[in-house]
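Structure file final-v7.cif (mmCIF, C-alpha atoms) is printed below.
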```cif
data_data
#
loop_
_atom_site.label_atom_id
_atom_site.label_comp_id
_atom_site.auth_asym_id
_atom_site.auth_seq_id
_atom_site.Cartn_x
_atom_site.Cartn_y
_atom_site.Cartn_z
CA MET A 1349 81.06 54.19 -6.09
CA LYS A 1350 80.93 51.60 -3.30
CA ARG A 1351 79.21 52.39 -0.01
CA TRP A 1352 79.45 50.52 3.34
CA LEU A 1353 75.93 49.20 4.01
CA MET A 1354 74.60 52.25 2.16
CA LEU A 1355 73.57 53.29 -1.34
CA GLY A 1356 72.76 49.87 -2.68
CA ALA A 1357 75.51 47.89 -0.97
CA VAL A 1358 74.41 44.53 0.43
CA ALA A 1359 75.70 42.40 3.29
CA ALA A 1360 76.60 38.79 2.64
CA VAL A 1361 78.21 35.80 4.31
CA VAL A 1362 81.08 34.38 2.28
CA THR A 1363 83.71 31.78 3.00
CA VAL A 1364 87.36 32.87 3.05
CA VAL A 1365 89.86 30.02 3.45
CA GLY A 1366 87.32 27.83 5.20
CA VAL A 1367 86.15 30.56 7.60
CA SER A 1368 82.71 32.15 7.23
CA VAL A 1369 83.01 35.94 7.46
CA PHE A 1370 80.47 38.74 7.23
CA VAL A 1371 81.60 41.12 4.50
CA VAL A 1372 80.19 43.94 2.45
CA VAL A 1373 79.51 43.41 -1.23
CA GLY A 1374 79.16 46.57 -3.26
CA ARG A 1375 79.68 48.09 -6.67
CA ASP A 1376 83.25 49.27 -7.26
CA ASP A 1377 83.35 52.14 -9.79
CA SER A 1378 86.54 53.68 -8.47
CA GLY A 1379 88.88 51.71 -10.66
CA GLY A 1380 91.32 51.82 -7.79
CA LYS A 1381 91.18 55.63 -7.54
CA ALA A 1382 90.78 57.56 -4.32
CA ASN A 1383 87.31 58.58 -3.18
CA ALA A 1384 86.72 61.21 -0.53
CA ALA A 1385 83.12 60.30 0.20
CA ASP A 1386 83.57 56.56 0.63
CA ALA A 1387 84.48 56.55 4.32
CA PRO A 1388 84.29 53.12 6.00
CA PRO A 1389 82.41 52.55 9.27
CA ALA A 1390 85.65 51.71 11.08
CA VAL A 1391 89.40 51.71 10.45
CA ALA A 1392 91.90 48.90 11.13
CA GLU A 1393 95.62 48.46 10.51
CA VAL A 1394 97.70 46.14 8.38
CA THR A 1395 100.16 44.36 10.67
CA ARG A 1396 102.96 41.89 10.13
CA GLY A 1397 103.24 38.88 12.41
CA ASP A 1398 102.65 35.19 12.89
CA LEU A 1399 99.33 33.44 12.41
CA VAL A 1400 98.70 30.19 14.25
CA ARG A 1401 95.60 28.06 13.87
CA SER A 1402 95.40 25.82 16.88
CA LYS A 1403 93.25 23.72 19.18
CA THR A 1404 93.74 23.70 22.95
CA VAL A 1405 92.74 20.78 25.18
CA ASP A 1406 93.47 19.69 28.74
CA GLY A 1407 96.47 17.46 29.40
CA HIS A 1408 98.08 15.64 32.31
CA PHE A 1409 101.62 14.63 33.10
CA ASP A 1410 102.71 11.02 33.03
CA TYR A 1411 105.77 8.95 32.18
CA ALA A 1412 106.56 7.34 28.84
CA ASN A 1413 106.33 3.65 27.95
CA ARG A 1414 103.99 2.59 30.73
CA ARG A 1415 103.75 -1.21 30.96
CA ALA A 1416 102.80 -3.98 33.38
CA VAL A 1417 105.25 -6.41 34.97
CA LYS A 1418 103.99 -9.92 35.72
CA SER A 1419 105.65 -12.77 37.56
CA PRO A 1420 106.45 -15.70 35.26
CA VAL A 1421 106.28 -18.01 38.28
CA GLU A 1422 103.66 -18.21 41.01
CA GLY A 1423 104.36 -17.02 44.51
CA THR A 1424 103.48 -14.63 47.30
CA VAL A 1425 104.44 -10.96 47.45
CA THR A 1426 106.62 -10.54 50.53
CA LEU A 1427 107.77 -7.00 49.72
CA ALA A 1428 105.44 -4.89 47.59
CA ALA A 1429 106.63 -2.42 44.98
CA GLU A 1430 106.88 1.21 46.05
CA PRO A 1431 104.86 3.60 43.82
CA GLY A 1432 106.76 6.70 42.77
CA LYS A 1433 110.15 5.09 43.31
CA THR A 1434 112.83 5.19 40.62
CA VAL A 1435 114.57 1.82 40.28
CA GLU A 1436 117.96 1.55 38.63
CA ARG A 1437 120.23 -1.29 37.57
CA GLY A 1438 120.77 -3.88 40.29
CA GLN A 1439 118.00 -2.59 42.56
CA VAL A 1440 115.01 -4.57 43.83
CA LEU A 1441 111.57 -4.03 42.25
CA TYR A 1442 109.70 -6.27 44.72
CA LYS A 1443 110.13 -9.58 46.52
CA ARG A 1444 108.35 -12.86 45.81
CA ASP A 1445 108.60 -15.64 48.40
CA ALA A 1446 111.30 -13.56 50.17
CA ARG A 1447 113.38 -13.66 46.97
CA PRO A 1448 114.31 -10.26 45.45
CA VAL A 1449 113.22 -9.57 41.89
CA VAL A 1450 115.91 -7.31 40.46
CA LEU A 1451 116.02 -4.84 37.59
CA LEU A 1452 118.81 -5.17 35.04
CA TYR A 1453 119.30 -3.33 31.74
CA GLY A 1454 118.84 -5.01 28.40
CA SER A 1455 116.52 -5.58 25.46
CA THR A 1456 116.14 -9.37 25.78
CA PRO A 1457 113.50 -10.43 28.34
CA MET A 1458 114.23 -13.04 30.99
CA PHE A 1459 112.62 -15.97 29.19
CA ARG A 1460 114.38 -18.96 30.85
CA ASP A 1461 116.42 -20.11 33.82
CA LEU A 1462 120.14 -19.33 33.65
CA THR A 1463 122.41 -22.05 35.01
CA ALA A 1464 125.89 -23.39 34.46
CA GLY A 1465 126.24 -24.53 30.84
CA THR A 1466 123.63 -22.13 29.41
CA LEU A 1467 124.68 -20.35 26.22
CA GLY A 1468 123.13 -17.39 24.46
CA PRO A 1469 122.80 -13.60 24.08
CA ASP A 1470 120.78 -13.40 27.29
CA VAL A 1471 123.80 -14.75 29.14
CA GLN A 1472 125.99 -12.10 27.54
CA GLN A 1473 123.45 -9.47 28.57
CA LEU A 1474 123.56 -10.71 32.17
CA LYS A 1475 127.36 -10.68 32.24
CA ARG A 1476 127.43 -7.13 30.90
CA ASN A 1477 125.24 -6.09 33.82
CA LEU A 1478 127.45 -7.95 36.29
CA ARG A 1479 130.45 -6.10 34.92
CA ASP A 1480 128.70 -2.72 35.18
CA LEU A 1481 127.68 -3.54 38.77
CA GLY A 1482 131.28 -4.26 39.65
CA ARG A 1483 130.70 -8.01 40.10
CA GLY A 1484 133.03 -10.72 38.79
CA LYS A 1485 136.23 -8.76 38.25
CA GLY A 1486 137.85 -9.89 35.01
CA LEU A 1487 134.74 -11.84 33.97
CA PRO A 1488 134.61 -11.87 30.14
CA VAL A 1489 131.39 -10.53 28.63
CA ASP A 1490 130.62 -13.53 26.43
CA ASN A 1491 127.62 -15.85 25.98
CA LYS A 1492 128.84 -18.65 28.27
CA TYR A 1493 127.32 -19.24 31.72
CA ASP A 1494 130.38 -20.96 33.13
CA GLU A 1495 131.65 -21.61 36.65
CA ALA A 1496 133.17 -18.12 36.89
CA THR A 1497 129.78 -16.61 36.00
CA GLN A 1498 128.08 -18.82 38.56
CA ALA A 1499 130.53 -17.69 41.24
CA ALA A 1500 129.96 -14.02 40.38
CA VAL A 1501 126.17 -14.48 40.54
CA LYS A 1502 126.42 -16.31 43.87
CA SER A 1503 128.45 -13.46 45.36
CA TRP A 1504 125.90 -10.96 44.04
CA GLN A 1505 123.00 -12.98 45.46
CA LYS A 1506 124.57 -12.90 48.90
CA ALA A 1507 124.85 -9.12 48.69
CA LEU A 1508 121.18 -8.91 47.70
CA GLY A 1509 120.14 -10.98 50.71
CA VAL A 1510 118.99 -14.07 48.83
CA LEU A 1511 118.26 -16.71 51.48
CA GLU A 1512 119.84 -19.57 49.55
CA PRO A 1513 122.35 -18.22 47.02
CA THR A 1514 123.14 -20.87 44.43
CA GLY A 1515 124.74 -18.96 41.59
CA ASP A 1516 121.83 -19.90 39.33
CA LEU A 1517 118.99 -17.59 38.29
CA GLY A 1518 115.35 -18.46 37.74
CA LYS A 1519 113.36 -16.69 35.05
CA GLY A 1520 111.36 -14.93 37.77
CA ASP A 1521 114.44 -13.47 39.46
CA LEU A 1522 115.23 -10.71 36.96
CA VAL A 1523 113.37 -8.08 34.96
CA PHE A 1524 115.23 -6.65 31.98
CA GLN A 1525 114.34 -3.14 30.78
CA PRO A 1526 116.17 -0.67 28.51
CA GLY A 1527 117.03 1.61 31.42
CA ALA A 1528 115.96 2.91 34.81
CA VAL A 1529 112.21 2.75 35.47
CA ARG A 1530 109.70 4.53 37.63
CA VAL A 1531 107.16 2.47 39.59
CA VAL A 1532 103.80 3.89 38.55
CA ALA A 1533 101.62 1.53 40.60
CA ALA A 1534 101.86 -1.47 42.92
CA ASP A 1535 99.21 -3.74 41.40
CA ALA A 1536 99.85 -6.53 43.90
CA ALA A 1537 99.85 -5.76 47.61
CA LEU A 1538 101.77 -7.47 50.38
CA ALA A 1539 100.72 -11.14 50.75
CA ASP A 1540 98.96 -11.21 47.36
CA GLN A 1541 99.35 -14.31 45.24
CA VAL A 1542 100.96 -13.53 41.89
CA GLY A 1543 101.58 -15.34 38.66
CA ALA A 1544 101.59 -14.91 34.90
CA ASP A 1545 97.93 -13.84 34.80
CA LYS A 1546 98.17 -10.81 37.12
CA PRO A 1547 100.35 -7.68 37.05
CA VAL A 1548 102.61 -7.27 40.05
CA LEU A 1549 103.44 -3.65 39.31
CA THR A 1550 103.22 -1.07 36.56
CA ILE A 1551 106.39 0.66 35.46
CA ALA A 1552 107.31 3.42 33.02
CA SER A 1553 110.45 5.13 31.87
CA THR A 1554 111.76 8.05 33.92
CA LYS A 1555 111.08 10.47 31.04
CA PRO A 1556 108.08 12.74 31.71
CA VAL A 1557 105.48 13.09 28.97
CA VAL A 1558 102.11 14.77 28.61
CA ARG A 1559 98.96 12.93 27.62
CA ALA A 1560 95.98 14.66 26.07
CA GLN A 1561 92.60 13.58 24.76
CA LEU A 1562 91.50 14.57 21.25
CA ASP A 1563 88.18 14.09 19.50
CA LYS A 1564 87.79 11.30 16.97
CA ASP A 1565 87.77 13.79 14.10
CA ASP A 1566 91.17 15.21 15.13
CA GLU A 1567 93.20 12.43 13.49
CA THR A 1568 95.46 14.90 11.71
CA LEU A 1569 96.49 16.44 15.04
CA ALA A 1570 97.21 13.00 16.50
CA LYS A 1571 99.90 12.25 13.91
CA ALA A 1572 103.41 11.72 15.25
CA GLY A 1573 105.47 14.89 14.90
CA THR A 1574 102.64 17.41 15.33
CA ARG A 1575 103.99 20.46 17.15
CA VAL A 1576 102.39 21.48 20.45
CA GLU A 1577 102.81 24.08 23.15
CA VAL A 1578 102.32 22.86 26.72
CA ARG A 1579 101.40 25.10 29.62
CA LEU A 1580 103.28 23.70 32.63
CA PRO A 1581 101.84 23.68 36.18
CA ASP A 1582 104.11 26.58 37.15
CA GLY A 1583 102.75 28.73 34.31
CA ALA A 1584 105.75 28.35 32.00
CA THR A 1585 105.36 27.15 28.41
CA ALA A 1586 107.31 24.31 26.83
CA GLY A 1587 107.35 23.04 23.27
CA GLY A 1588 106.89 19.43 22.31
CA ARG A 1589 105.78 16.97 19.66
CA VAL A 1590 103.22 14.20 19.49
CA SER A 1591 105.21 10.98 19.86
CA GLY A 1592 102.28 8.61 19.29
CA THR A 1593 98.89 7.46 20.46
CA VAL A 1594 98.20 5.36 23.54
CA LYS A 1595 95.32 3.19 24.62
CA ALA A 1596 92.68 5.28 26.33
CA GLU A 1597 92.36 4.66 30.05
CA SER A 1598 89.06 3.50 31.55
CA GLY A 1599 86.91 6.03 33.36
CA SER A 1600 85.55 5.69 36.85
CA GLY A 1601 82.53 3.84 35.52
CA GLY A 1602 84.67 1.25 33.82
CA GLU A 1603 83.87 2.60 30.36
CA THR A 1604 86.68 3.34 27.96
CA THR A 1605 87.16 7.01 27.19
CA THR A 1606 86.18 7.89 23.62
CA GLY A 1607 88.42 9.83 21.28
CA ILE A 1608 92.14 9.66 20.65
CA GLN A 1609 94.66 9.83 23.49
CA VAL A 1610 98.08 11.06 22.44
CA GLU A 1611 101.43 11.05 24.18
CA ILE A 1612 103.58 14.17 23.87
CA THR A 1613 107.33 14.31 24.31
CA LEU A 1614 108.60 17.65 25.57
CA ASP A 1615 111.53 19.38 23.92
CA GLU A 1616 114.97 18.95 25.42
CA GLY A 1617 115.58 21.40 28.23
CA ALA A 1618 111.96 21.64 29.34
CA SER A 1619 111.92 21.98 33.12
CA VAL A 1620 109.29 19.68 34.63
CA THR A 1621 108.80 19.05 38.33
CA ASP A 1622 108.34 15.57 39.72
CA ASP A 1623 104.63 16.20 40.30
CA THR A 1624 102.86 13.97 37.78
CA ALA A 1625 99.51 14.86 39.29
CA GLY A 1626 99.78 18.32 37.77
CA THR A 1627 97.55 19.19 34.84
CA SER A 1628 98.30 21.37 31.85
CA SER A 1629 96.78 22.81 28.73
CA VAL A 1630 98.07 21.59 25.38
CA LYS A 1631 97.86 23.72 22.24
CA PHE A 1632 98.02 21.67 19.05
CA ILE A 1633 99.39 23.68 16.13
CA GLN A 1634 97.19 22.93 13.13
CA GLU A 1635 98.78 25.43 10.75
CA SER A 1636 101.05 28.44 11.01
CA ARG A 1637 102.39 31.33 8.93
CA LYS A 1638 105.45 33.30 9.96
CA GLY A 1639 105.88 37.03 9.35
CA VAL A 1640 102.87 37.61 7.10
CA LEU A 1641 100.73 40.70 6.55
CA THR A 1642 97.31 40.42 8.19
CA VAL A 1643 94.14 42.42 8.69
CA PRO A 1644 91.02 41.76 10.75
CA VAL A 1645 88.68 39.38 8.92
CA GLU A 1646 85.95 42.06 8.88
CA ALA A 1647 88.21 44.30 6.77
CA ILE A 1648 87.92 41.95 3.78
CA ILE A 1649 85.33 42.97 1.19
CA ALA A 1650 83.95 40.80 -1.60
CA LEU A 1651 84.30 42.49 -4.98
CA ARG A 1652 81.38 42.43 -7.37
CA GLU A 1653 83.60 41.18 -10.19
CA GLY A 1654 84.80 38.35 -7.98
CA GLY A 1655 87.61 37.92 -5.49
CA TYR A 1656 88.40 40.00 -2.43
CA GLY A 1657 89.69 43.44 -1.69
CA LEU A 1658 90.55 46.07 0.92
CA GLN A 1659 89.74 49.72 1.28
CA ILE A 1660 93.03 51.54 1.83
CA VAL A 1661 92.39 54.66 3.92
CA ARG A 1662 94.67 57.68 3.41
CA GLU A 1663 93.61 60.73 5.41
CA SER A 1664 90.12 61.54 4.09
CA THR A 1665 90.25 59.36 0.99
CA THR A 1666 89.91 55.63 0.34
CA THR A 1667 91.12 53.37 -2.44
CA THR A 1668 89.83 49.87 -3.12
CA VAL A 1669 92.57 47.36 -4.00
CA ARG A 1670 92.38 43.68 -4.86
CA VAL A 1671 94.09 41.24 -2.46
CA GLU A 1672 94.67 37.53 -2.21
CA THR A 1673 93.66 35.96 1.09
CA GLY A 1674 95.41 33.15 2.89
CA MET A 1675 95.24 31.53 6.28
CA SER A 1676 92.97 32.98 8.99
CA ALA A 1677 93.23 32.60 12.76
CA ASP A 1678 92.10 34.45 15.87
CA GLY A 1679 90.03 36.95 13.88
CA ARG A 1680 92.80 37.95 11.46
CA ILE A 1681 93.52 36.84 7.91
CA GLU A 1682 96.66 36.72 5.77
CA ILE A 1683 96.75 39.07 2.78
CA THR A 1684 99.05 39.54 -0.22
CA GLY A 1685 98.89 42.09 -3.02
CA ASP A 1686 100.70 44.89 -4.80
CA GLY A 1687 101.56 47.91 -2.70
CA LEU A 1688 100.50 46.47 0.65
CA ALA A 1689 102.66 47.40 3.61
CA GLU A 1690 102.69 47.13 7.36
CA GLY A 1691 101.03 50.08 9.07
CA MET A 1692 98.55 50.87 6.30
CA LYS A 1693 95.05 51.86 7.44
CA VAL A 1694 92.19 49.89 5.98
CA GLY A 1695 88.43 50.14 6.21
CA ALA A 1696 86.49 47.63 8.24
CA ALA A 1697 82.92 46.89 9.14
CA LYS A 1698 81.93 47.77 12.69
CA PRO A 1699 82.44 44.70 14.92
#
```
Would you write out, as structure tokens, the structure that this file holds?
Amino acid sequence: MKRWLMLGAVAAVVTVVGVSVFVVVGRDDSGGKANAADAPPAVAEVTRGDLVRSKTVDGHFDYANRRAVKSPVEGTVTLAAEPGKTVERGQVLYKRDARPVVLLYGSTPMFRDLTAGTLGPDVQQLKRNLRDLGRGKGLPVDNKYDEATQAAVKSWQKALGVLEPTGDLGKGDLVFQPGAVRVVAADAALADQVGADKPVLTIASTKPVVRAQLDKDDETLAKAGTRVEVRLPDGATAGGRVSGTVKAESGSGGETTTGIQVEITLDEGASVTDDTAGTSSVKFIQESRKGVLTVPVEAIIALREGGYGLQIVRESTTTTVRVETGMSADGRIEITGDGLAEGMKVGAAKP
């Protein structure tokens, strides 16, 4: 007959699914039969629910696809960028030498001057933007920078307040991005000299994301697609997924932060305020089981013949049964075995 910490039973530390637990090892002569005298020190209950193994770290809100914008030509900032501002198609990012630098939508960067006679997909991209801005009525969206295109650009330049509208565009006049952007920082202040070696401003998409710092040994959690739960500044919880890793930002001492910084995209419908200074907690889901039977870890006993078991408690009697253990989390462990059911009482060591 097996006894809890009595009559020859010994205490041991064993490992169950990677978790060290303190269990009782004893002789089992019951053969699965009920024993009235084998009362456990404490009683727990078999429950059915979800098990989640997770790691929670601090996070902060930001915007996706952060990147620097530089001026391909040298000049002086005469109107600095405005941090926090959302800039859409046709609007001014900043001014250089009193000339507006305008955001347009497209995937091809502004890599050359555009003048009458220029041909190419970048011209077609420009003309598509002119059409969407309501400029150049009837202007075909093709790859030819012809006189009609030049006239449409000249009219647009006048509306923008260009001092000397010519109908031609220099490669420093436009910034092409996939969509609307948010100005994260004005890297160049009013009257600063700018050029290709210095950022003028930092922009990002208008889509809010969460960034969190993981330890170097958390590479599996940093994989794209890892599920997370984010605690929002207002106390609500939103789901999300790791969308990728980003370069760690430098600390106040100029040293690069160690570890892995990940960017998290929130699920559609998540309600996020415009306060990117807010912080959050991020729970990374390492593993989960849905709707499984569980008991407290201290209810598991190691059988002398090998494997693990439970003491099923029925009124004043107990029966030892063999079980298979699975995932453990938050002090509970998954169990499977014949005859197990939710609500059963099981013996457990005193916590």
Polymer residues at most 6 Å from (103.9, -20.3, 38.7) by all atoms listed in the file, as a PyMOL selection string = chain A and resi 1421-1422+1543
Mind writing the picked residues with C-alpha atoms as a PDB file, in the frame of the given file?
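Final file, again_14.pdb:
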```pdb
ATOM      1  CA  VAL A1421     106.280 -18.010  38.280  1.00  0.00           C
ATOM      2  CA  GLU A1422     103.660 -18.210  41.010  1.00  0.00           C
ATOM      3  CA  GLY A1543     101.580 -15.340  38.660  1.00  0.00           C
TER       4      GLY A1543
END
```
Hits from the PyMOL selection byres ((chain A and resi 1686-1693) around 9), listed as a ChimeraX atom specification | /A:1391-1396,1641-1642,1659-1662,1669-1671,1683-1685,1694-1695
Measuring atom to atom with all atoms listed in the file, identify which of A:Asn1477, A:Thr1426, A:Thr1456, A:Gln1634 is nearest to A:Ala1536.
->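 Nearest candidate to A:Ala1536 out of A:Asn1477, A:Thr1426, A:Thr1456, A:Gln1634: A:Thr1426.
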Output of the PyMOL selection byres ((chain A and resi 1575) around 7), listed as a PDB file with C-alpha atoms, keeping the file's coordinate frame:
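result26.pdb was written with the following content:
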```pdb
ATOM      1  CA  GLY A1573     105.470  14.890  14.900  1.00  0.00           C
ATOM      2  CA  THR A1574     102.640  17.410  15.330  1.00  0.00           C
ATOM      3  CA  VAL A1576     102.390  21.480  20.450  1.00  0.00           C
ATOM      4  CA  GLY A1588     106.890  19.430  22.310  1.00  0.00           C
ATOM      5  CA  ARG A1589     105.780  16.970  19.660  1.00  0.00           C
ATOM      6  CA  VAL A1590     103.220  14.200  19.490  1.00  0.00           C
ATOM      7  CA  PHE A1632      98.020  21.670  19.050  1.00  0.00           C
ATOM      8  CA  ILE A1633      99.390  23.680  16.130  1.00  0.00           C
TER       9      ILE A1633
END
```
Written as an NGL selection string, what is the full residue list that the PyMOL selection byres ((chain A and resi 1398-1413) around 7) yields on the file shown?
-> :A and (1397 or 1414-1415 or 1552-1560 or 1624-1640 or 1677)
Would you output that residue set with C-alpha atoms, as an mmCIF file, keeping the file's coordinate frame?
```
data_model
loop_
_atom_site.group_PDB
_atom_site.id
_atom_site.type_symbol
_atom_site.label_atom_id
_atom_site.label_comp_id
_atom_site.auth_asym_id
_atom_site.auth_seq_id
_atom_site.Cartn_x
_atom_site.Cartn_y
_atom_site.Cartn_z
ATOM 1 C CA GLY A 1397 103.240 38.880 12.410
ATOM 2 C CA ARG A 1414 103.990 2.590 30.730
ATOM 3 C CA ARG A 1415 103.750 -1.210 30.960
ATOM 4 C CA ALA A 1552 107.310 3.420 33.020
ATOM 5 C CA SER A 1553 110.450 5.130 31.870
ATOM 6 C CA THR A 1554 111.760 8.050 33.920
ATOM 7 C CA LYS A 1555 111.080 10.470 31.040
ATOM 8 C CA PRO A 1556 108.080 12.740 31.710
ATOM 9 C CA VAL A 1557 105.480 13.090 28.970
ATOM 10 C CA VAL A 1558 102.110 14.770 28.610
ATOM 11 C CA ARG A 1559 98.960 12.930 27.620
ATOM 12 C CA ALA A 1560 95.980 14.660 26.070
ATOM 13 C CA THR A 1624 102.860 13.970 37.780
ATOM 14 C CA ALA A 1625 99.510 14.860 39.290
ATOM 15 C CA GLY A 1626 99.780 18.320 37.770
ATOM 16 C CA THR A 1627 97.550 19.190 34.840
ATOM 17 C CA SER A 1628 98.300 21.370 31.850
ATOM 18 C CA SER A 1629 96.780 22.810 28.730
ATOM 19 C CA VAL A 1630 98.070 21.590 25.380
ATOM 20 C CA LYS A 1631 97.860 23.720 22.240
ATOM 21 C CA PHE A 1632 98.020 21.670 19.050
ATOM 22 C CA ILE A 1633 99.390 23.680 16.130
ATOM 23 C CA GLN A 1634 97.190 22.930 13.130
ATOM 24 C CA GLU A 1635 98.780 25.430 10.750
ATOM 25 C CA SER A 1636 101.050 28.440 11.010
ATOM 26 C CA ARG A 1637 102.390 31.330 8.930
ATOM 27 C CA LYS A 1638 105.450 33.300 9.960
ATOM 28 C CA GLY A 1639 105.880 37.030 9.350
ATOM 29 C CA VAL A 1640 102.870 37.610 7.100
ATOM 30 C CA ALA A 1677 93.230 32.600 12.760
#
```
Go ahead and compute the interatomic distance for atom CA of A:Leu1451 and atom CA of A:Asp1521, in Å to one decimal.
->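 Interatomic distance here is 9.0 Å.
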If you count only C-alpha atoms, which residues fall within 8 Å of A:Ala1570, apart from same-chain ones fewer than 4 positions away, as a ChimeraX atom specification?
-> /A:1562,1566,1574,1590,1592-1593,1608,1610
So what do you get for atom CA of A:Arg1460 versus atom CA of A:Lys1519, distance-wise?
->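 Those two atoms sit 4.9 Å apart.
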For the atom pair atom CA of A:Asp1535 and atom CA of A:Glu1430, what is the interatomic distance in Å to one decimal place?
->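 Taking atom CA of A:Asp1535 as the start and atom CA of A:Glu1430 as the end point, the length is 10.2 Å.
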Hey, what's within 7 Å of stretch 1491-1505 of chain A if we count only C-alpha atoms and toss same-chain stuff fewer than 4 positions away? As an mmCIF file with C-alpha atoms, in the coordinates of the input, please?
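Output file out_15.cif is given in full below:
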```
data_model
loop_
_atom_site.group_PDB
_atom_site.id
_atom_site.type_symbol
_atom_site.label_atom_id
_atom_site.label_comp_id
_atom_site.auth_asym_id
_atom_site.auth_seq_id
_atom_site.Cartn_x
_atom_site.Cartn_y
_atom_site.Cartn_z
ATOM 1 C CA THR A 1463 122.410 -22.050 35.010
ATOM 2 C CA ALA A 1464 125.890 -23.390 34.460
ATOM 3 C CA GLY A 1465 126.240 -24.530 30.840
ATOM 4 C CA THR A 1466 123.630 -22.130 29.410
ATOM 5 C CA LEU A 1467 124.680 -20.350 26.220
ATOM 6 C CA GLY A 1468 123.130 -17.390 24.460
ATOM 7 C CA PRO A 1469 122.800 -13.600 24.080
ATOM 8 C CA VAL A 1471 123.800 -14.750 29.140
ATOM 9 C CA GLN A 1472 125.990 -12.100 27.540
ATOM 10 C CA ARG A 1483 130.700 -8.010 40.100
ATOM 11 C CA GLY A 1484 133.030 -10.720 38.790
ATOM 12 C CA GLY A 1509 120.140 -10.980 50.710
ATOM 13 C CA VAL A 1510 118.990 -14.070 48.830
ATOM 14 C CA PRO A 1513 122.350 -18.220 47.020
ATOM 15 C CA THR A 1514 123.140 -20.870 44.430
ATOM 16 C CA GLY A 1515 124.740 -18.960 41.590
ATOM 17 C CA ASP A 1516 121.830 -19.900 39.330
#
```
